[in-house]
>>> print(open('entry-v5.pdb').read())   # PDB, C-alpha atoms
ATOM      1  CA  MET B   1     -11.643  25.117  -7.355
ATOM      2  CA  VAL B   2      -8.847  26.350  -9.590
ATOM      3  CA  VAL B   3      -5.563  25.033 -10.946
ATOM      4  CA  ASP B   4      -2.770  27.575 -10.656
ATOM      5  CA  ASP B   5       1.007  28.019 -10.568
ATOM      6  CA  LEU B   6       2.775  28.629  -7.257
ATOM      7  CA  PRO B   7       6.429  29.446  -6.472
ATOM      8  CA  ASP B   8       8.793  26.503  -6.114
ATOM      9  CA  LEU B   9       9.321  25.259  -2.569
ATOM     10  CA  VAL B  10      12.722  25.131  -0.859
ATOM     11  CA  PRO B  11      13.345  22.856   2.135
ATOM     12  CA  SER B  12      14.637  24.497   5.295
ATOM     13  CA  ALA B  13      16.645  22.658   7.915
ATOM     14  CA  HIS B  14      14.985  19.405   9.001
ATOM     15  CA  GLN B  15      12.573  19.491   6.064
ATOM     16  CA  VAL B  16      12.201  17.324   2.970
ATOM     17  CA  LEU B  17      11.002  18.459  -0.449
ATOM     18  CA  VAL B  18       8.959  15.781  -2.197
ATOM     19  CA  GLU B  19       7.103  15.294  -5.455
ATOM     20  CA  PRO B  20       3.738  13.545  -4.954
ATOM     21  CA  ILE B  21       3.449  10.399  -7.038
ATOM     22  CA  ALA B  22      -0.196   9.893  -6.156
ATOM     23  CA  CYS B  23      -2.597  11.505  -3.705
ATOM     24  CA  GLY B  24      -6.009  10.112  -2.874
ATOM     25  CA  ILE B  25      -9.030  12.386  -2.740
ATOM     26  CA  CYS B  26     -10.352  11.931   0.784
ATOM     27  CA  GLY B  27     -13.931  12.142   1.991
ATOM     28  CA  SER B  28     -12.755  14.721   4.511
ATOM     29  CA  ASP B  29     -11.621  16.893   1.610
ATOM     30  CA  LEU B  30     -15.056  16.585   0.024
ATOM     31  CA  HIS B  31     -16.630  17.655   3.316
ATOM     32  CA  THR B  32     -14.157  20.531   3.685
ATOM     33  CA  VAL B  33     -15.198  22.044   0.360
ATOM     34  CA  GLY B  34     -18.727  22.494   1.663
ATOM     35  CA  HIS B  35     -18.119  22.889   5.391
ATOM     36  CA  ALA B  36     -14.685  24.479   5.855
ATOM     37  CA  HIS B  37     -15.828  27.137   8.303
ATOM     38  CA  GLU B  38     -17.725  24.541  10.333
ATOM     39  CA  LEU B  39     -14.596  22.377  10.410
ATOM     40  CA  VAL B  40     -12.504  25.177  11.900
ATOM     41  CA  GLU B  41     -15.126  26.258  14.416
ATOM     42  CA  THR B  42     -15.888  22.700  15.491
ATOM     43  CA  ALA B  43     -12.191  21.933  15.928
ATOM     44  CA  LYS B  44     -11.957  24.919  18.270
ATOM     45  CA  ALA B  45     -15.020  23.769  20.198
ATOM     46  CA  ALA B  46     -13.473  20.314  20.556
ATOM     47  CA  GLY B  47     -10.223  21.722  21.924
ATOM     48  CA  ALA B  48      -8.468  20.420  18.820
ATOM     49  CA  ALA B  49      -7.701  23.803  17.298
ATOM     50  CA  ALA B  50      -4.095  22.771  16.585
ATOM     51  CA  PHE B  51      -5.373  20.695  13.660
ATOM     52  CA  THR B  52      -6.766  23.764  11.886
ATOM     53  CA  ALA B  53      -4.555  26.416  13.497
ATOM     54  CA  ASN B  54      -2.953  27.230  10.150
ATOM     55  CA  PHE B  55      -6.108  26.957   8.055
ATOM     56  CA  ASP B  56      -8.109  30.072   7.217
ATOM     57  CA  PRO B  57     -11.069  28.989   5.030
ATOM     58  CA  ASP B  58     -11.192  32.451   3.430
ATOM     59  CA  ARG B  59      -7.703  32.016   1.946
ATOM     60  CA  ASP B  60      -6.425  29.707  -0.778
ATOM     61  CA  LEU B  61      -5.628  26.129   0.194
ATOM     62  CA  VAL B  62      -3.949  23.254  -1.627
ATOM     63  CA  MET B  63      -5.565  20.101  -0.227
ATOM     64  CA  GLY B  64      -4.394  16.496  -0.290
ATOM     65  CA  HIS B  65      -2.980  14.322   2.509
ATOM     66  CA  GLU B  66      -3.102  10.672   1.303
ATOM     67  CA  VAL B  67       0.274  10.780  -0.382
ATOM     68  CA  SER B  68       2.947   8.576  -1.878
ATOM     69  CA  CYS B  69       5.927  10.608  -3.026
ATOM     70  CA  ARG B  70       9.445  10.809  -4.412
ATOM     71  CA  VAL B  71      12.112  12.850  -2.611
ATOM     72  CA  LEU B  72      13.462  15.780  -4.624
ATOM     73  CA  ASP B  73      15.711  17.473  -2.080
ATOM     74  CA  ILE B  74      16.528  17.505   1.617
ATOM     75  CA  GLY B  75      17.349  20.355   3.975
ATOM     76  CA  GLU B  76      20.165  20.518   6.488
ATOM     77  CA  ASN B  77      20.219  18.102   9.420
ATOM     78  CA  VAL B  78      18.140  15.470   7.634
ATOM     79  CA  ASN B  79      19.370  11.902   7.975
ATOM     80  CA  GLY B  80      18.072   8.573   6.741
ATOM     81  CA  ILE B  81      16.179   9.988   3.761
ATOM     82  CA  SER B  82      17.330   9.262   0.221
ATOM     83  CA  VAL B  83      16.940  11.666  -2.691
ATOM     84  CA  ASP B  84      14.891   9.882  -5.383
ATOM     85  CA  GLY B  85      13.635   7.453  -2.745
ATOM     86  CA  GLN B  86       9.929   6.582  -2.738
ATOM     87  CA  TYR B  87       7.946   7.008   0.458
ATOM     88  CA  VAL B  88       4.454   7.153   1.891
ATOM     89  CA  ALA B  89       3.879  10.337   3.882
ATOM     90  CA  MET B  90       2.104  10.994   7.132
ATOM     91  CA  PRO B  91       0.857  14.560   6.598
ATOM     92  CA  PHE B  92       2.816  16.738   8.993
ATOM     93  CA  LEU B  93       5.537  19.349   8.855
ATOM     94  CA  GLU B  94       7.303  20.737  11.923
ATOM     95  CA  THR B  95       8.301  24.394  11.551
ATOM     96  CA  ALA B  96       9.617  27.161  13.776
ATOM     97  CA  THR B  97       6.017  28.296  14.277
ATOM     98  CA  GLY B  98       4.679  24.846  15.166
ATOM     99  CA  ARG B  99       3.243  21.845  13.366
ATOM    100  CA  HIS B 100       1.463  22.269  10.045
ATOM    101  CA  VAL B 101      -0.776  19.710   8.356
ATOM    102  CA  PRO B 102      -0.116  19.985   4.607
ATOM    103  CA  GLY B 103      -3.492  19.804   2.955
ATOM    104  CA  TYR B 104      -5.017  21.823   5.803
ATOM    105  CA  SER B 105      -2.493  24.666   5.889
ATOM    106  CA  ASN B 106      -2.611  27.852   3.852
ATOM    107  CA  GLU B 107       1.175  28.158   4.120
ATOM    108  CA  TYR B 108       2.243  24.675   3.056
ATOM    109  CA  PRO B 109       0.529  22.964   0.117
ATOM    110  CA  GLY B 110      -0.809  19.433   0.228
ATOM    111  CA  GLY B 111      -0.651  16.589  -2.252
ATOM    112  CA  TYR B 112      -2.822  18.028  -5.040
ATOM    113  CA  GLY B 113       0.261  19.645  -6.483
ATOM    114  CA  SER B 114       3.712  18.878  -7.822
ATOM    115  CA  GLN B 115       5.675  19.736  -4.646
ATOM    116  CA  MET B 116       5.255  19.383  -0.878
ATOM    117  CA  LEU B 117       7.377  20.017   2.199
ATOM    118  CA  LEU B 118       7.292  17.375   4.931
ATOM    119  CA  SER B 119       9.173  16.438   8.076
ATOM    120  CA  PRO B 120      11.587  13.527   7.592
ATOM    121  CA  GLU B 121       9.840  11.655  10.423
ATOM    122  CA  ALA B 122       6.659  11.751   8.328
ATOM    123  CA  LEU B 123       8.148   9.543   5.607
ATOM    124  CA  VAL B 124       7.913   5.737   5.575
ATOM    125  CA  PRO B 125       9.768   3.863   2.790
ATOM    126  CA  ILE B 126       7.553   2.060   0.301
ATOM    127  CA  PRO B 127       8.458  -1.645   0.486
ATOM    128  CA  ASN B 128      10.053  -3.136  -2.627
ATOM    129  CA  GLY B 129       7.486  -4.390  -5.081
ATOM    130  CA  LEU B 130       4.545  -2.281  -3.876
ATOM    131  CA  ASP B 131       3.061  -0.021  -6.540
ATOM    132  CA  PRO B 132       3.364   3.593  -5.294
ATOM    133  CA  LEU B 133      -0.204   4.187  -6.501
ATOM    134  CA  VAL B 134      -1.470   1.480  -4.170
ATOM    135  CA  ALA B 135       0.825   2.755  -1.422
ATOM    136  CA  ALA B 136      -1.098   6.043  -1.525
ATOM    137  CA  LEU B 137      -4.007   4.146   0.064
ATOM    138  CA  THR B 138      -2.039   3.647   3.283
ATOM    139  CA  GLU B 139      -3.687   6.547   5.104
ATOM    140  CA  PRO B 140      -7.334   5.527   4.519
ATOM    141  CA  MET B 141      -6.446   1.904   5.283
ATOM    142  CA  ALA B 142      -4.938   3.070   8.578
ATOM    143  CA  VAL B 143      -8.198   4.886   9.385
ATOM    144  CA  GLY B 144     -10.082   1.612   8.988
ATOM    145  CA  LEU B 145      -7.533  -0.324  11.026
ATOM    146  CA  HIS B 146      -7.689   2.240  13.820
ATOM    147  CA  ALA B 147     -11.483   2.004  13.955
ATOM    148  CA  VAL B 148     -11.329  -1.784  14.276
ATOM    149  CA  GLU B 149      -8.564  -1.666  16.880
ATOM    150  CA  GLU B 150     -10.534   0.826  18.977
ATOM    151  CA  SER B 151     -13.697  -1.300  18.890
ATOM    152  CA  VAL B 152     -14.593  -4.299  21.071
ATOM    153  CA  ILE B 153     -14.896  -6.671  18.115
ATOM    154  CA  GLU B 154     -13.601 -10.194  18.641
ATOM    155  CA  PRO B 155     -13.985 -13.513  16.838
ATOM    156  CA  GLY B 156     -17.493 -14.844  17.332
ATOM    157  CA  ARG B 157     -19.171 -11.434  17.224
ATOM    158  CA  ILE B 158     -20.824 -10.105  14.095
ATOM    159  CA  ALA B 159     -19.615  -6.843  12.558
ATOM    160  CA  LEU B 160     -22.124  -4.553  10.841
ATOM    161  CA  VAL B 161     -20.605  -1.877   8.581
ATOM    162  CA  ALA B 162     -22.827   1.001   7.474
ATOM    163  CA  GLY B 163     -21.304   2.522   4.350
ATOM    164  CA  ALA B 164     -18.985   0.913   1.799
ATOM    165  CA  GLY B 165     -16.957   3.941   0.779
ATOM    166  CA  PRO B 166     -13.181   4.029   1.338
ATOM    167  CA  VAL B 167     -13.453   4.069   5.149
ATOM    168  CA  GLY B 168     -16.063   1.329   5.272
ATOM    169  CA  LEU B 169     -14.054  -0.840   2.879
ATOM    170  CA  ALA B 170     -10.911  -0.252   4.943
ATOM    171  CA  ILE B 171     -12.825  -1.343   8.053
ATOM    172  CA  ILE B 172     -13.971  -4.497   6.250
ATOM    173  CA  ALA B 173     -10.392  -5.318   5.212
ATOM    174  CA  SER B 174      -9.140  -4.882   8.774
ATOM    175  CA  LEU B 175     -11.981  -6.982  10.179
ATOM    176  CA  VAL B 176     -11.043  -9.790   7.787
ATOM    177  CA  ASN B 177      -7.407  -9.595   8.890
ATOM    178  CA  LYS B 178      -8.540  -9.728  12.515
ATOM    179  CA  GLY B 179     -10.299 -13.029  11.871
ATOM    180  CA  ILE B 180     -13.897 -11.809  11.948
ATOM    181  CA  ASP B 181     -15.922 -14.309   9.933
ATOM    182  CA  SER B 182     -19.312 -12.590   9.803
ATOM    183  CA  ILE B 183     -19.165  -9.075   8.317
ATOM    184  CA  ILE B 184     -22.398  -7.565   7.006
ATOM    185  CA  ALA B 185     -22.069  -4.352   4.986
ATOM    186  CA  SER B 186     -24.768  -1.917   3.957
ATOM    187  CA  ASP B 187     -24.693   0.606   1.108
ATOM    188  CA  PHE B 188     -27.155   2.066  -1.389
ATOM    189  CA  SER B 189     -24.675   1.657  -4.279
ATOM    190  CA  PRO B 190     -24.724  -1.762  -6.004
ATOM    191  CA  ALA B 191     -21.133  -1.222  -7.157
ATOM    192  CA  ARG B 192     -19.945  -0.525  -3.637
ATOM    193  CA  ARG B 193     -21.828  -3.521  -2.273
ATOM    194  CA  GLN B 194     -20.014  -5.739  -4.769
ATOM    195  CA  LEU B 195     -16.712  -4.185  -3.774
ATOM    196  CA  ALA B 196     -17.518  -4.836  -0.103
ATOM    197  CA  LEU B 197     -17.912  -8.525  -0.968
ATOM    198  CA  ALA B 198     -14.618  -8.474  -2.852
ATOM    199  CA  MET B 199     -12.890  -6.960   0.194
ATOM    200  CA  GLY B 200     -14.176  -9.744   2.415
ATOM    201  CA  ALA B 201     -17.700  -8.945   3.608
ATOM    202  CA  SER B 202     -19.719 -12.129   4.101
ATOM    203  CA  GLU B 203     -23.016 -10.441   3.222
ATOM    204  CA  VAL B 204     -24.226  -7.129   1.816
ATOM    205  CA  ILE B 205     -27.603  -5.447   1.980
ATOM    206  CA  ASP B 206     -29.305  -2.505   0.345
ATOM    207  CA  PRO B 207     -30.508  -0.277   3.217
ATOM    208  CA  GLY B 208     -33.514   0.613   1.101
ATOM    209  CA  ASN B 209     -34.655  -3.013   1.177
ATOM    210  CA  GLY B 210     -33.422  -4.364   4.509
ATOM    211  CA  SER B 211     -31.866  -3.508   7.842
ATOM    212  CA  LEU B 212     -28.546  -4.395   9.431
ATOM    213  CA  ALA B 213     -30.376  -5.546  12.544
ATOM    214  CA  ASP B 214     -32.471  -8.042  10.572
ATOM    215  CA  ALA B 215     -29.335  -9.332   8.851
ATOM    216  CA  TRP B 216     -27.691  -9.737  12.277
ATOM    217  CA  ARG B 217     -30.628 -11.750  13.578
ATOM    218  CA  ALA B 218     -30.541 -14.014  10.533
ATOM    219  CA  ALA B 219     -26.781 -14.531  10.653
ATOM    220  CA  GLY B 220     -26.158 -14.899  14.389
ATOM    221  CA  ASP B 221     -27.478 -16.457  17.543
ATOM    222  CA  GLY B 222     -29.507 -13.390  18.497
ATOM    223  CA  VAL B 223     -27.662 -13.207  21.822
ATOM    224  CA  ARG B 224     -24.183 -11.785  21.320
ATOM    225  CA  PRO B 225     -24.635  -8.124  20.322
ATOM    226  CA  PRO B 226     -22.913  -6.884  17.177
ATOM    227  CA  VAL B 227     -20.358  -4.164  16.731
ATOM    228  CA  ILE B 228     -21.730  -1.543  14.342
ATOM    229  CA  TYR B 229     -19.387   0.733  12.391
ATOM    230  CA  ASP B 230     -20.738   4.034  11.085
ATOM    231  CA  ALA B 231     -18.659   4.824   8.005
ATOM    232  CA  VAL B 232     -21.222   7.192   6.494
ATOM    233  CA  GLY B 233     -20.931  10.474   8.384
ATOM    234  CA  VAL B 234     -24.170  12.237   7.445
ATOM    235  CA  PRO B 235     -26.716  13.902   9.744
ATOM    236  CA  GLY B 236     -29.213  11.443  11.162
ATOM    237  CA  MET B 237     -27.034   8.366  10.712
ATOM    238  CA  ILE B 238     -26.030   7.894  14.333
ATOM    239  CA  ASP B 239     -29.604   8.206  15.568
ATOM    240  CA  ALA B 240     -30.811   5.791  12.891
ATOM    241  CA  LEU B 241     -28.193   3.224  13.900
ATOM    242  CA  MET B 242     -29.071   3.668  17.579
ATOM    243  CA  GLN B 243     -32.709   2.974  16.765
ATOM    244  CA  GLU B 244     -31.802  -0.086  14.701
ATOM    245  CA  ALA B 245     -29.100  -1.494  16.989
ATOM    246  CA  PRO B 246     -29.808  -4.573  19.119
ATOM    247  CA  GLU B 247     -29.424  -4.135  22.881
ATOM    248  CA  ARG B 248     -25.891  -3.719  24.254
ATOM    249  CA  SER B 249     -24.376  -3.150  20.796
ATOM    250  CA  GLN B 250     -21.335  -0.984  20.320
ATOM    251  CA  ILE B 251     -21.685   1.736  17.689
ATOM    252  CA  LEU B 252     -18.253   2.852  16.545
ATOM    253  CA  VAL B 253     -18.467   6.194  14.708
ATOM    254  CA  ALA B 254     -15.742   6.608  12.085
ATOM    255  CA  GLY B 255     -17.686   8.654   9.527
ATOM    256  CA  VAL B 256     -17.016  12.373   9.866
ATOM    257  CA  CYS B 257     -20.225  14.394  10.042
ATOM    258  CA  MET B 258     -19.460  18.124   9.771
ATOM    259  CA  PRO B 259     -22.915  19.716  10.316
ATOM    260  CA  PRO B 260     -24.723  19.625  13.670
ATOM    261  CA  ASP B 261     -26.609  16.414  14.288
ATOM    262  CA  THR B 262     -29.286  15.202  16.680
ATOM    263  CA  ILE B 263     -29.564  11.952  18.594
ATOM    264  CA  ARG B 264     -32.137  10.731  21.110
ATOM    265  CA  PRO B 265     -30.109   9.734  24.172
ATOM    266  CA  PHE B 266     -32.943   7.714  25.709
ATOM    267  CA  ILE B 267     -32.654   5.203  22.863
ATOM    268  CA  GLY B 268     -29.072   4.546  23.894
ATOM    269  CA  ILE B 269     -30.013   4.466  27.574
ATOM    270  CA  ALA B 270     -32.915   2.076  27.090
ATOM    271  CA  LYS B 271     -30.809  -0.274  24.960
ATOM    272  CA  ARG B 272     -27.603   0.158  27.030
ATOM    273  CA  LEU B 273     -25.667   1.024  23.879
ATOM    274  CA  ASN B 274     -21.976   1.786  23.780
ATOM    275  CA  LEU B 275     -21.462   4.821  21.504
ATOM    276  CA  GLN B 276     -17.818   5.510  20.692
ATOM    277  CA  PHE B 277     -16.119   7.992  18.365
ATOM    278  CA  VAL B 278     -12.699   7.586  16.729
ATOM    279  CA  LEU B 279     -10.448   9.813  14.668
ATOM    280  CA  GLY B 280      -7.647   9.084  12.248
ATOM    281  CA  TRP B 281      -4.898   6.633  13.076
ATOM    282  CA  THR B 282      -1.692   6.143  15.049
ATOM    283  CA  PRO B 283       1.778   5.954  13.463
ATOM    284  CA  GLU B 284       1.733   2.240  14.311
ATOM    285  CA  ASN B 285      -1.556   1.824  12.419
ATOM    286  CA  PHE B 286      -0.017   3.694   9.483
ATOM    287  CA  VAL B 287       3.080   1.497   9.218
ATOM    288  CA  ARG B 288       1.098  -1.692   9.726
ATOM    289  CA  SER B 289      -1.377  -0.746   6.985
ATOM    290  CA  LEU B 290       1.455  -0.039   4.559
ATOM    291  CA  HIS B 291       2.922  -3.479   5.141
ATOM    292  CA  GLU B 292      -0.462  -5.194   4.885
ATOM    293  CA  LEU B 293      -0.837  -3.587   1.451
ATOM    294  CA  ALA B 294       2.694  -4.673   0.502
ATOM    295  CA  GLU B 295       2.146  -8.235   1.700
ATOM    296  CA  GLY B 296      -1.150  -8.585  -0.164
ATOM    297  CA  ARG B 297      -3.223  -8.920   3.019
ATOM    298  CA  ILE B 298      -5.223  -5.987   1.667
ATOM    299  CA  ASP B 299      -5.870  -5.663  -2.071
ATOM    300  CA  GLY B 300      -5.834  -1.883  -2.275
ATOM    301  CA  SER B 301      -5.933  -1.846  -6.064
ATOM    302  CA  ARG B 302      -9.656  -2.736  -5.905
ATOM    303  CA  LEU B 303     -10.423   0.672  -4.387
ATOM    304  CA  ILE B 304      -8.782   2.730  -7.151
ATOM    305  CA  THR B 305     -11.544   3.608  -9.603
ATOM    306  CA  GLY B 306      -9.982   6.625 -11.318
ATOM    307  CA  GLU B 307      -6.807   8.632 -11.870
ATOM    308  CA  VAL B 308      -6.545  12.296 -12.866
ATOM    309  CA  GLY B 309      -3.848  14.873 -13.445
ATOM    310  CA  LEU B 310      -3.866  18.218 -11.661
ATOM    311  CA  ASP B 311      -6.155  19.751 -14.282
ATOM    312  CA  GLY B 312      -8.703  17.015 -13.572
ATOM    313  CA  VAL B 313      -9.031  17.609  -9.824
ATOM    314  CA  PRO B 314     -12.092  19.909  -9.953
ATOM    315  CA  GLN B 315     -14.015  17.419 -12.088
ATOM    316  CA  ALA B 316     -12.904  14.536  -9.871
ATOM    317  CA  PHE B 317     -14.458  16.259  -6.857
ATOM    318  CA  ALA B 318     -17.695  16.602  -8.809
ATOM    319  CA  ASP B 319     -17.565  12.951  -9.924
ATOM    320  CA  LEU B 320     -17.103  11.711  -6.355
ATOM    321  CA  ALA B 321     -20.480  13.195  -5.462
ATOM    322  CA  ASP B 322     -21.957  10.145  -7.228
ATOM    323  CA  PRO B 323     -21.074   7.105  -5.068
ATOM    324  CA  GLY B 324     -22.133   4.760  -7.830
ATOM    325  CA  ARG B 325     -19.319   5.899 -10.118
ATOM    326  CA  HIS B 326     -16.216   6.004  -7.956
ATOM    327  CA  VAL B 327     -14.683   4.877  -4.681
ATOM    328  CA  LYS B 328     -11.176   6.351  -4.691
ATOM    329  CA  ILE B 329      -9.759   8.726  -7.299
ATOM    330  CA  LEU B 330      -6.013   9.291  -7.247
ATOM    331  CA  VAL B 331      -4.463  12.607  -8.236
ATOM    332  CA  ARG B 332      -1.296  12.045 -10.253
ATOM    333  CA  PRO B 333       0.679  15.214 -11.017
ATOM    334  CA  ASP B 334       2.634  13.356 -13.715
ATOM    335  CA  LEU B 335      -0.473  12.847 -15.901
TER     336      LEU B 335
END
>>> encode(input="entry-v5.pdb", output="structure tokens")
Amino acid sequence: MVVDDLPDLVPSAHQVLVEPIACGICGSDLHTVGHAHELVETAKAAGAAAFTANFDPDRDLVMGHEVSCRVLDIGENVNGISVDGQYVAMPFLETATGRHVPGYSNEYPGGYGSQMLLSPEALVPIPNGLDPLVAALTEPMAVGLHAVEESVIEPGRIALVAGAGPVGLAIIASLVNKGIDSIIASDFSPARRQLALAMGASEVIDPGNGSLADAWRAAGDGVRPPVIYDAVGVPGMIDALMQEAPERSQILVAGVCMPPDTIRPFIGIAKRLNLQFVLGWTPENFVRSLHELAEGRIDGSRLITGEVGLDGVPQAFADLADPGRHVKILVRPDL
């Protein structure tokens, strides 16, 4: 990873030039550093090549897609956007050649820089009183909300969350707001387990010393199956959760595993498990998460464990390899 100078950007018609205020370093970005070619090939295999259509892993890339920003300039035919206004950005840019995803496009830089181009429809005003640094957490919070909304969780059922990184913590926050009283979170990191409690988990366990299934049996009636959220995304995790899951559980996979993985289908068949995968968020999830942050229904400031300027991005990626040190590092070009 290098820090370099690039030419200034100029907005074309129906484009907005913004200055990132803060951009979160996403787990997907960490995965991309080590598995970029697998990401592109797997997207093609999934029929989702549009996501990486403008990403060649052998060329330079400016990453970053969890962005709060300030508008610097607007192109022709842009309405409803104010220069100097502060916004949270959904990461997309419509161009004459199709949609680009800044942060995963070689042509259009993402939020780890001092300038970005975005479509005006991608911008959502930051509500008055919300710190733009906290607003930058909107995208990961929307990922957690989407996972909860796509699951079959309902009051009276126990939620088990494997992994208390940003996605797992966002899931916990959304479960709390949905009225789920019993939320058991699992993580190897003591710091992340404490943060899970602060975000609303009713119980935390160290997976080295106990299992989610045992915690479910102790906390519930042993009859209503739990909903299990995989927010880890490493090889072997899905199979391990299938083996541990009580009968008729739903396993909701939100953690992004890039390498090939192996599961034993008969475990799911024998237990009648419901295995479901989710990706990202909807625009409605995005807007709702922003307002939950603004209204204090989610305390996003708890997740921010570090801030770096552009020169500090390479070291921040290295630091995030240690889950005991950080949860969410924000890149701030103004530092």
>>> closest_atom_pairs(input="entry-v5.pdb", of="stretch 208-300 of chain B", to="stretch 176-191 of chain B", cutoff="12 Å", atoms="all atoms listed in the file", output="tab-separated table")
residue	atom	partner	partner_atom	distance
B:Gly208	CA	B:Phe188	CA	7.0
B:Asn209	CA	B:Phe188	CA	9.4
B:Gly210	CA	B:Ser186	CA	9.0
B:Ser211	CA	B:Ser186	CA	8.2
B:Leu212	CA	B:Ser186	CA	7.1
B:Ala213	CA	B:Ile184	CA	9.9
B:Asp214	CA	B:Ile184	CA	10.7
B:Ala215	CA	B:Ile184	CA	7.4
B:Trp216	CA	B:Ile184	CA	7.8
B:Arg217	CA	B:Ile184	CA	11.3
B:Ala218	CA	B:Ile184	CA	11.0
B:Ala219	CA	B:Ser182	CA	7.8
B:Gly220	CA	B:Ser182	CA	8.6
B:Asp221	CA	B:Ser182	CA	11.9
B:Pro226	CA	B:Ile183	CA	9.9
B:Val227	CA	B:Ile183	CA	9.8
B:Ile228	CA	B:Ile184	CA	9.5
B:Tyr229	CA	B:Ala185	CA	9.4
B:Asp230	CA	B:Ser186	CA	10.1
B:Ala231	CA	B:Ser186	CA	10.0
B:Val232	CA	B:Asp187	CA	9.2
B:Leu241	CA	B:Ser186	CA	11.7
B:Arg288	CA	B:Asn177	CA	11.6
B:Ser289	CA	B:Asn177	CA	10.9
B:Glu292	CA	B:Asn177	CA	9.1
B:Leu293	CA	B:Asn177	CA	11.6
B:Gly296	CA	B:Asn177	CA	11.1
B:Arg297	CA	B:Asn177	CA	7.2
B:Ile298	CA	B:Asn177	CA	8.4
B:Asp299	CA	B:Asn177	CA	11.7
>>> resolve_selection(input="entry-v5.pdb", expression="the PyMOL selection byres ((chain B and resi 18) around 10)", output="list in words")
Leu9, Pro11, Gln15, Val16, Leu17, Glu19, Pro20, Ile21, Ser68, Cys69, Arg70, Val71, Leu72, Asp73, Ile74, Val83, Asp84, Gly85, Gln86, Tyr87, Ala89, Gly111, Ser114, Gln115, Met116, Leu117 and Leu118 of chain B
>>> atom_distance(input="entry-v5.pdb", atom1="atom CA of B:Ala96", atom2="atom CA of B:Leu6")
22.2 Å
>>> residues_around(input="entry-v5.pdb", residues="stretch 29-40 of chain B", least_positions_apart="2", cutoff="9 Å", atoms="all atoms listed in the file", output="list in words")
Ile25, Cys26, Gly27, Thr42, Ala43, Lys44, Ala45, Ala49, Phe51, Thr52, Ala53, Phe55, Asp56, Pro57, Asp58, Met63, Gly64, Gly103, Val256, Cys257, Met258, Pro259, Phe317, Leu320 and Ala321 of chain B
>>> write_last_selection(input="entry-v5.pdb", atoms="C-alpha atoms", output="PDB file, in the coordinates of the input")
ATOM      1  CA  ILE B  25      -9.030  12.386  -2.740  1.00  0.00           C
ATOM      2  CA  CYS B  26     -10.352  11.931   0.784  1.00  0.00           C
ATOM      3  CA  GLY B  27     -13.931  12.142   1.991  1.00  0.00           C
ATOM      4  CA  THR B  42     -15.888  22.700  15.491  1.00  0.00           C
ATOM      5  CA  ALA B  43     -12.191  21.933  15.928  1.00  0.00           C
ATOM      6  CA  LYS B  44     -11.957  24.919  18.270  1.00  0.00           C
ATOM      7  CA  ALA B  45     -15.020  23.769  20.198  1.00  0.00           C
ATOM      8  CA  ALA B  49      -7.701  23.803  17.298  1.00  0.00           C
ATOM      9  CA  PHE B  51      -5.373  20.695  13.660  1.00  0.00           C
ATOM     10  CA  THR B  52      -6.766  23.764  11.886  1.00  0.00           C
ATOM     11  CA  ALA B  53      -4.555  26.416  13.497  1.00  0.00           C
ATOM     12  CA  PHE B  55      -6.108  26.957   8.055  1.00  0.00           C
ATOM     13  CA  ASP B  56      -8.109  30.072   7.217  1.00  0.00           C
ATOM     14  CA  PRO B  57     -11.069  28.989   5.030  1.00  0.00           C
ATOM     15  CA  ASP B  58     -11.192  32.451   3.430  1.00  0.00           C
ATOM     16  CA  MET B  63      -5.565  20.101  -0.227  1.00  0.00           C
ATOM     17  CA  GLY B  64      -4.394  16.496  -0.290  1.00  0.00           C
ATOM     18  CA  GLY B 103      -3.492  19.804   2.955  1.00  0.00           C
ATOM     19  CA  VAL B 256     -17.016  12.373   9.866  1.00  0.00           C
ATOM     20  CA  CYS B 257     -20.225  14.394  10.042  1.00  0.00           C
ATOM     21  CA  MET B 258     -19.460  18.124   9.771  1.00  0.00           C
ATOM     22  CA  PRO B 259     -22.915  19.716  10.316  1.00  0.00           C
ATOM     23  CA  PHE B 317     -14.458  16.259  -6.857  1.00  0.00           C
ATOM     24  CA  LEU B 320     -17.103  11.711  -6.355  1.00  0.00           C
ATOM     25  CA  ALA B 321     -20.480  13.195  -5.462  1.00  0.00           C
TER      26      ALA B 321
END
>>> resolve_selection(input="entry-v5.pdb", expression="the PyMOL selection byres ((chain B and resi 244-250) around 12)", output="VMD selection string")
chain B and resid 148 150 to 153 157 to 162 207 210 to 217 220 222 to 230 237 to 243 251 to 253 267 to 277
>>> atom_distance(input="entry-v5.pdb", atom1="atom CA of B:Ile205", atom2="atom CA of B:His146")
24.4 Å
>>> closest_residue(input="entry-v5.pdb", among="B:Ile304, B:Ala48, B:Val124, B:Cys23", to="B:Gly80", atoms="only C-alpha atoms")
B:Val124
>>> closest_residue(input="entry-v5.pdb", among="B:Ile329, B:Val313, B:Ala173, B:Phe286", to="B:Leu197", atoms="only C-alpha atoms")
B:Ala173
>>> closest_atom_pairs(input="entry-v5.pdb", of="stretch 152-201 of chain B", to="stretch 137-143 of chain B", cutoff="12 Å", atoms="only C-alpha atoms", output="tab-separated table")
residue	atom	partner	partner_atom	distance
B:Gly165	CA	B:Pro140	CA	10.4
B:Pro166	CA	B:Pro140	CA	6.8
B:Val167	CA	B:Pro140	CA	6.3
B:Gly168	CA	B:Val143	CA	9.6
B:Leu169	CA	B:Met141	CA	8.4
B:Ala170	CA	B:Met141	CA	5.0
B:Ile171	CA	B:Met141	CA	7.7
B:Ile172	CA	B:Met141	CA	9.9
B:Ala173	CA	B:Met141	CA	8.2
B:Ser174	CA	B:Met141	CA	8.1
B:Leu175	CA	B:Met141	CA	11.6
